[in-house]
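Q: I have a structure here, written as structure tokens, and I will follow up with some questions on it.
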Amino acid sequence: MIDYASRQRGTRKHVIGLTAVVVLHGLLFWAINSGLARKFVKVIKGPVEAILLEETKPDIPPPPPPPPPKNLPPPPPSYVPPVDIQVSSPTPTNAIAAVSNTPQPVAPPSPLPVQSNPPPAPPVQTAAVISASSCEKPEYPSASKRLEEEGTVQLKFLVGADGKVLESAVEKSSGFRRLDEAARAGLSKCQFKPATVDGKPQQSWASMKYTWRLE
């Protein structure tokens, strides 16, 4: 019993193995006929490209041209025959065709227009001046004499139409205030000739200098 069973199992194994071999051979035969094996071989093989590398040579510049020879005589001038060119001067369209020698009459100058209202003449003005005959010298301050103060003061006066001083001021000091005030107070009492415009007295400012000097 044991031998028969073992024989049956071994026979089944042999049948299965033979069946698998037959199936594999059938599949292989079918693949060869359908061209699957060729495609597989082509895919594995693949194209092979060959690239040839050329040896590159460096660019060598051409040699410079030879220098021109020195002290060569100049080439002889080529002879050019003269050409007779005649230029005709065209008559301008705006030119004068003939000139008459008869003198043309000269037109008389036009008379100057007569001004009905001539411009007024500028007014004649005179400045106010001090009347020396009616003016006494300012009194020298005693303190300035003792200290020997001297100098020149410049004053300005507003002189009215009657010749009297209306206002006075110091324009430039002598350097000593006592001398400036003494000159302003003394000269303000003097009579002036008033300024005039076309002979008529007018109120105006007058400027003058007074010098203090010890004698």
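Residues are named by chain letter and number: chains run A, B, ... in the order of the structure tokens, numbers start at 1 in each chain, and ligands are numbered from 1 in the order shown.
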Identify, on the basis of only C-alpha atoms, every residue whose closest approach to region 176-183 of chain A does not exceed 12 Å; exclude the query and any residue fewer than 2 positions from it along the same chain; express the result as a ChimeraX atom specification.
A: /A:136-145,147-157,168-174,185-190,208-213
Q: Calculated over only C-alpha atoms, which of the candidates A:Arg12, A:His25, A:Arg184, A:Lys193 has the smallest distance to Ala127 (chain A)?
A: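 Checking each of A:Arg12, A:His25, A:Arg184, A:Lys193 against Ala127 (chain A), counting only C-alpha atoms, the winner is A:Lys193.
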Q: Here is a test: counting only C-alpha atoms, which residue of A:Gln191, A:Gln125, A:Ser133, A:Gln202 is nearest to Val165 (chain A)?
A: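 Closest candidate: A:Gln191.
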Q: For Val124 (chain A), which residue among A:Gly199, A:Lys164, A:Leu27, A:Ile32 is the nearest when counting only C-alpha atoms?
A: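 Among the listed residues, A:Gly199 lies closest to Val124 (chain A).
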Q: With only C-alpha atoms as the basis for distance, which of A:Ser207, A:Thr126, A:Asn117, A:Asn33 is at the shortest distance from Pro194 (chain A)?
A: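 Ranked by minimum distance to Pro194 (chain A), first place goes to A:Thr126.
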Q: What does the structure give for the distance between CA of Ala161 (chain A) and CA of Gln203 (chain A), in Å to one decimal?
A: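 Rounded to one decimal, the two atoms are 4.9 Å apart.
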Q: Could you please determine the separation between CA of Ala132 (chain A) and CA of Phe192 (chain A) in Å, to one decimal place?
A: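 About the pair CA of Ala132 (chain A) and CA of Phe192 (chain A): they are 8.6 Å apart.
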